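Here's query.pdb, which has PDB, C-alpha atoms, pLDDT in the B column:
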```pdb
ATOM      1  CA  MET A  10    -186.502  48.319 -21.155  1.00 81.00           C
ATOM      2  CA  LEU A  11    -187.874  45.364 -23.038  1.00 86.00           C
ATOM      3  CA  THR A  12    -185.473  42.643 -24.131  1.00 90.00           C
ATOM      4  CA  ALA A  13    -185.640  39.219 -25.702  1.00 94.00           C
ATOM      5  CA  ASP A  14    -182.905  36.655 -25.277  1.00 96.00           C
ATOM      6  CA  TYR A  15    -181.056  34.874 -28.051  1.00 97.00           C
ATOM      7  CA  LYS A  16    -183.033  31.663 -27.453  1.00 97.00           C
ATOM      8  CA  PHE A  17    -186.304  33.549 -28.125  1.00 97.00           C
ATOM      9  CA  TYR A  18    -184.720  35.158 -31.189  1.00 97.00           C
ATOM     10  CA  THR A  19    -183.672  31.828 -32.723  1.00 97.00           C
ATOM     11  CA  GLU A  20    -186.464  29.512 -31.567  1.00 97.00           C
ATOM     12  CA  THR A  21    -189.580  31.708 -31.625  1.00 97.00           C
ATOM     13  CA  TYR A  22    -188.720  34.480 -34.091  1.00 97.00           C
ATOM     14  CA  HIS A  23    -186.469  32.124 -36.134  1.00 97.00           C
ATOM     15  CA  GLY A  24    -183.778  34.767 -36.576  1.00 96.00           C
ATOM     16  CA  LYS A  25    -180.517  33.979 -38.332  1.00 95.00           C
ATOM     17  CA  MET A  26    -177.889  36.393 -36.987  1.00 95.00           C
ATOM     18  CA  GLU A  27    -175.047  35.175 -34.809  1.00 96.00           C
ATOM     19  CA  GLN A  28    -175.281  35.694 -31.053  1.00 97.00           C
ATOM     20  CA  ALA A  29    -172.508  38.313 -30.921  1.00 96.00           C
ATOM     21  CA  GLU A  30    -174.328  40.409 -33.527  1.00 96.00           C
ATOM     22  CA  PHE A  31    -177.639  39.881 -31.739  1.00 97.00           C
ATOM     23  CA  ASP A  32    -176.184  41.019 -28.416  1.00 96.00           C
ATOM     24  CA  ARG A  33    -174.908  44.196 -30.065  1.00 95.00           C
ATOM     25  CA  MET A  34    -178.153  44.915 -31.941  1.00 96.00           C
ATOM     26  CA  ALA A  35    -180.240  44.109 -28.839  1.00 96.00           C
ATOM     27  CA  VAL A  36    -179.040  47.263 -27.100  1.00 95.00           C
ATOM     28  CA  LEU A  37    -180.139  49.397 -30.045  1.00 95.00           C
ATOM     29  CA  SER A  38    -183.409  47.535 -30.489  1.00 96.00           C
ATOM     30  CA  SER A  39    -184.349  47.933 -26.836  1.00 94.00           C
ATOM     31  CA  ALA A  40    -183.594  51.653 -26.845  1.00 94.00           C
ATOM     32  CA  TYR A  41    -185.496  52.160 -30.120  1.00 95.00           C
ATOM     33  CA  LEU A  42    -188.643  50.414 -28.869  1.00 94.00           C
ATOM     34  CA  ASP A  43    -188.478  52.299 -25.587  1.00 92.00           C
ATOM     35  CA  GLU A  44    -188.324  55.605 -27.476  1.00 92.00           C
ATOM     36  CA  LEU A  45    -190.954  54.577 -30.057  1.00 92.00           C
ATOM     37  CA  THR A  46    -193.493  53.474 -27.448  1.00 91.00           C
ATOM     38  CA  MET A  47    -192.684  56.263 -24.990  1.00 89.00           C
ATOM     39  CA  GLY A  48    -191.509  53.697 -22.421  1.00 88.00           C
ATOM     40  CA  ARG A  49    -194.666  51.587 -22.524  1.00 87.00           C
ATOM     41  CA  THR A  50    -192.745  48.358 -23.207  1.00 85.00           C
ATOM     42  CA  SER A  51    -191.030  48.755 -19.839  1.00 81.00           C
ATOM     43  CA  GLY A  52    -194.216  48.313 -17.826  1.00 76.00           C
ATOM     44  CA  THR A  53    -196.398  45.333 -17.078  1.00 80.00           C
ATOM     45  CA  LEU A  54    -197.732  43.845 -20.307  1.00 87.00           C
ATOM     46  CA  THR A  55    -200.248  41.095 -20.910  1.00 92.00           C
ATOM     47  CA  ALA A  56    -198.744  37.839 -22.165  1.00 92.00           C
ATOM     48  CA  ASP A  57    -199.993  38.439 -25.723  1.00 93.00           C
ATOM     49  CA  VAL A  58    -198.691  42.012 -25.877  1.00 93.00           C
ATOM     50  CA  GLU A  59    -195.366  40.974 -24.348  1.00 93.00           C
ATOM     51  CA  GLU A  60    -194.980  38.270 -27.009  1.00 95.00           C
ATOM     52  CA  ARG A  61    -195.685  40.813 -29.770  1.00 95.00           C
ATOM     53  CA  ALA A  62    -193.267  43.289 -28.184  1.00 94.00           C
ATOM     54  CA  LYS A  63    -190.513  40.652 -28.095  1.00 95.00           C
ATOM     55  CA  LEU A  64    -191.184  39.798 -31.747  1.00 97.00           C
ATOM     56  CA  ALA A  65    -190.948  43.510 -32.564  1.00 96.00           C
ATOM     57  CA  PHE A  66    -187.681  43.629 -30.603  1.00 96.00           C
ATOM     58  CA  CYS A  67    -186.272  40.846 -32.795  1.00 97.00           C
ATOM     59  CA  ALA A  68    -187.557  42.414 -36.020  1.00 97.00           C
ATOM     60  CA  VAL A  69    -185.982  45.754 -35.110  1.00 97.00           C
ATOM     61  CA  ALA A  70    -182.686  44.015 -34.277  1.00 97.00           C
ATOM     62  CA  ASP A  71    -182.746  42.426 -37.750  1.00 96.00           C
ATOM     63  CA  ALA A  72    -183.582  45.801 -39.310  1.00 95.00           C
ATOM     64  CA  TYR A  73    -180.648  47.437 -37.505  1.00 94.00           C
ATOM     65  CA  LEU A  74    -178.325  44.748 -38.846  1.00 93.00           C
ATOM     66  CA  LEU A  75    -179.727  45.170 -42.359  1.00 91.00           C
ATOM     67  CA  ASN A  76    -179.221  48.942 -42.125  1.00 90.00           C
ATOM     68  CA  GLU A  77    -175.650  48.383 -40.963  1.00 89.00           C
ATOM     69  CA  GLN A  78    -174.977  46.086 -43.923  1.00 85.00           C
ATOM     70  CA  GLY A  79    -176.116  48.686 -46.406  1.00 77.00           C
ATOM     71  CA  GLY A  80    -179.851  48.279 -46.594  1.00 63.00           C
ATOM     72  CA  GLY A  81    -180.535  45.085 -48.462  1.00 59.00           C
ATOM     73  CA  ILE A  82    -179.461  42.631 -51.077  1.00 56.00           C
ATOM     74  CA  ALA A  83    -179.193  43.982 -54.618  1.00 57.00           C
ATOM     75  CA  SER A  84    -178.217  40.677 -56.235  1.00 62.00           C
ATOM     76  CA  GLU A  85    -177.354  37.172 -55.178  1.00 63.00           C
ATOM     77  CA  THR A  86    -176.076  34.068 -56.976  1.00 66.00           C
ATOM     78  CA  ASN A  87    -176.326  30.554 -55.673  1.00 61.00           C
ATOM     79  CA  ASP A  88    -173.515  28.504 -57.227  1.00 69.00           C
ATOM     80  CA  GLY A  89    -170.821  31.126 -56.797  1.00 66.00           C
ATOM     81  CA  VAL A  90    -172.218  32.291 -53.425  1.00 68.00           C
ATOM     82  CA  SER A  91    -171.936  35.951 -54.332  1.00 67.00           C
ATOM     83  CA  VAL A  92    -174.058  38.543 -52.525  1.00 62.00           C
ATOM     84  CA  THR A  93    -174.139  42.237 -53.427  1.00 62.00           C
ATOM     85  CA  TYR A  94    -175.739  44.664 -50.974  1.00 57.00           C
ATOM     86  CA  VAL A  95    -177.539  47.862 -51.916  1.00 57.00           C
ATOM     87  CA  ALA A  96    -175.382  50.755 -50.785  1.00 56.00           C
ATOM     88  CA  GLY A  97    -175.945  54.297 -49.663  1.00 50.00           C
ATOM     89  CA  ILE A  98    -178.592  56.641 -50.995  1.00 46.00           C
ATOM     90  CA  SER A  99    -180.014  54.194 -53.529  1.00 48.00           C
ATOM     91  CA  ASN A 100    -181.911  52.292 -50.792  1.00 47.00           C
ATOM     92  CA  SER A 101    -185.604  52.007 -51.539  1.00 61.00           C
ATOM     93  CA  LYS A 102    -186.393  52.513 -47.829  1.00 73.00           C
ATOM     94  CA  SER A 103    -184.686  54.838 -45.426  1.00 87.00           C
ATOM     95  CA  ALA A 104    -183.012  53.300 -42.388  1.00 88.00           C
ATOM     96  CA  GLY A 105    -185.545  54.918 -40.078  1.00 90.00           C
ATOM     97  CA  ARG A 106    -188.499  53.753 -42.132  1.00 92.00           C
ATOM     98  CA  ARG A 107    -187.189  50.178 -42.098  1.00 92.00           C
ATOM     99  CA  LEU A 108    -186.928  50.257 -38.287  1.00 93.00           C
ATOM    100  CA  TYR A 109    -190.417  51.703 -37.861  1.00 93.00           C
ATOM    101  CA  GLU A 110    -192.022  49.177 -40.210  1.00 94.00           C
ATOM    102  CA  ALA A 111    -190.300  46.294 -38.415  1.00 94.00           C
ATOM    103  CA  ALA A 112    -191.696  47.472 -35.072  1.00 94.00           C
ATOM    104  CA  ALA A 113    -195.145  48.437 -36.376  1.00 94.00           C
ATOM    105  CA  LEU A 114    -195.673  45.018 -37.943  1.00 94.00           C
ATOM    106  CA  PHE A 115    -195.914  43.475 -34.478  1.00 94.00           C
ATOM    107  CA  LEU A 116    -196.867  46.448 -32.284  1.00 93.00           C
ATOM    108  CA  GLY A 117    -199.558  47.974 -34.483  1.00 90.00           C
ATOM    109  CA  PRO A 118    -202.517  46.098 -32.965  1.00 88.00           C
ATOM    110  CA  THR A 119    -201.298  46.473 -29.359  1.00 90.00           C
ATOM    111  CA  GLY A 120    -201.855  50.198 -28.860  1.00 87.00           C
ATOM    112  CA  LEU A 121    -198.238  50.672 -27.780  1.00 88.00           C
ATOM    113  CA  LEU A 122    -197.553  52.948 -30.753  1.00 85.00           C
ATOM    114  CA  TYR A 123    -200.506  55.208 -29.972  1.00 75.00           C
ATOM    115  CA  ARG A 124    -199.338  58.729 -29.030  1.00 69.00           C
ATOM    116  CA  GLY A 125    -202.635  60.614 -28.951  1.00 62.00           C
ATOM    117  CA  VAL A 126    -204.565  62.005 -26.031  1.00 53.00           C
ATOM    118  CA  ARG A 127    -206.703  59.528 -24.139  1.00 50.00           C
TER     119      ARG A 127
END
```
Translate the structure of the given file into structure tokens.
Amino acid sequence: MLTADYKFYTETYHGKMEQAEFDRMAVLSSAYLDELTMGRTSGTLTADVEERAKLAFCAVADAYLLNEQGGGIASETNDGVSVTYVAGISNSKSAGRRLYEAAALFLGPTGLLYRGVR
């Protein structure tokens, strides 16, 4: 299973979640990418494809956290530091769609998402 460490997440991907949250989401992200690519992220990858796969890993981890928080920010104020998250069925994207789009953004050009007959 493909993984990326917290250093990669913060320094290369420039992610913002805390390490404890990242460690928890990393398990889900790894399993999701393994299922989405039919295990192709577990094998030997070229350096460029591995970099894209790790970026997808981080994007999916962020998407999982966003899904867990309710799907997105509905409103936010700066002075009063008030954030309201979109809740439940009113999300503009489904949780699954958000995960797929996060992965496809980086994996699309790699061929790892291809499921057809060769």
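When the distance limit is 6 Å and all atoms listed in the file are what count, the residues near segment 48-65 of chain A, minus those fewer than 5 positions from it on the same chain, are A:Met10, A:Leu11, A:Ala13, A:Asp43, A:Ala112, A:Phe115.
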Pick out the closest residue to Gly120 of chain A from this set: A:Met34, A:Leu75, A:Cys67, A:Leu45. Count only C-alpha atoms.
->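 Counting only C-alpha atoms, the residue closest to Gly120 of chain A is A:Leu45.
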For this file, the PyMOL selection byres ((chain A and resi 113) around 12) selects which residues, as a list in words?
->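 Those residues are Leu42, Leu45, Thr46, Arg61, Ala62, Leu64, Ala65, Phe66, Ala68, Val69, Arg106, Arg107, Leu108, Tyr109, Glu110, Ala111, Ala112, Leu114, Phe115, Leu116, Gly117, Pro118, Thr119, Gly120, Leu121, Leu122 and Tyr123 of chain A.
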As a check of understanding, name the residues that the PyMOL selection byres ((chain A and resi 15-20) around 8) selects in the supplied structure, as a PDB file with C-alpha atoms, keeping the file's coordinate frame.
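Output saved as expr.pdb:
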```
ATOM      1  CA  ALA A  13    -185.640  39.219 -25.702  1.00 94.00           C
ATOM      2  CA  ASP A  14    -182.905  36.655 -25.277  1.00 96.00           C
ATOM      3  CA  THR A  21    -189.580  31.708 -31.625  1.00 97.00           C
ATOM      4  CA  TYR A  22    -188.720  34.480 -34.091  1.00 97.00           C
ATOM      5  CA  HIS A  23    -186.469  32.124 -36.134  1.00 97.00           C
ATOM      6  CA  GLY A  24    -183.778  34.767 -36.576  1.00 96.00           C
ATOM      7  CA  LYS A  25    -180.517  33.979 -38.332  1.00 95.00           C
ATOM      8  CA  GLN A  28    -175.281  35.694 -31.053  1.00 97.00           C
ATOM      9  CA  PHE A  31    -177.639  39.881 -31.739  1.00 97.00           C
ATOM     10  CA  ASP A  32    -176.184  41.019 -28.416  1.00 96.00           C
ATOM     11  CA  LEU A  64    -191.184  39.798 -31.747  1.00 97.00           C
ATOM     12  CA  CYS A  67    -186.272  40.846 -32.795  1.00 97.00           C
TER      13      CYS A  67
END
```
Students should find that atom CA of Ala29 of chain A and atom CA of Asp71 of chain A are spaced 13.0 Å
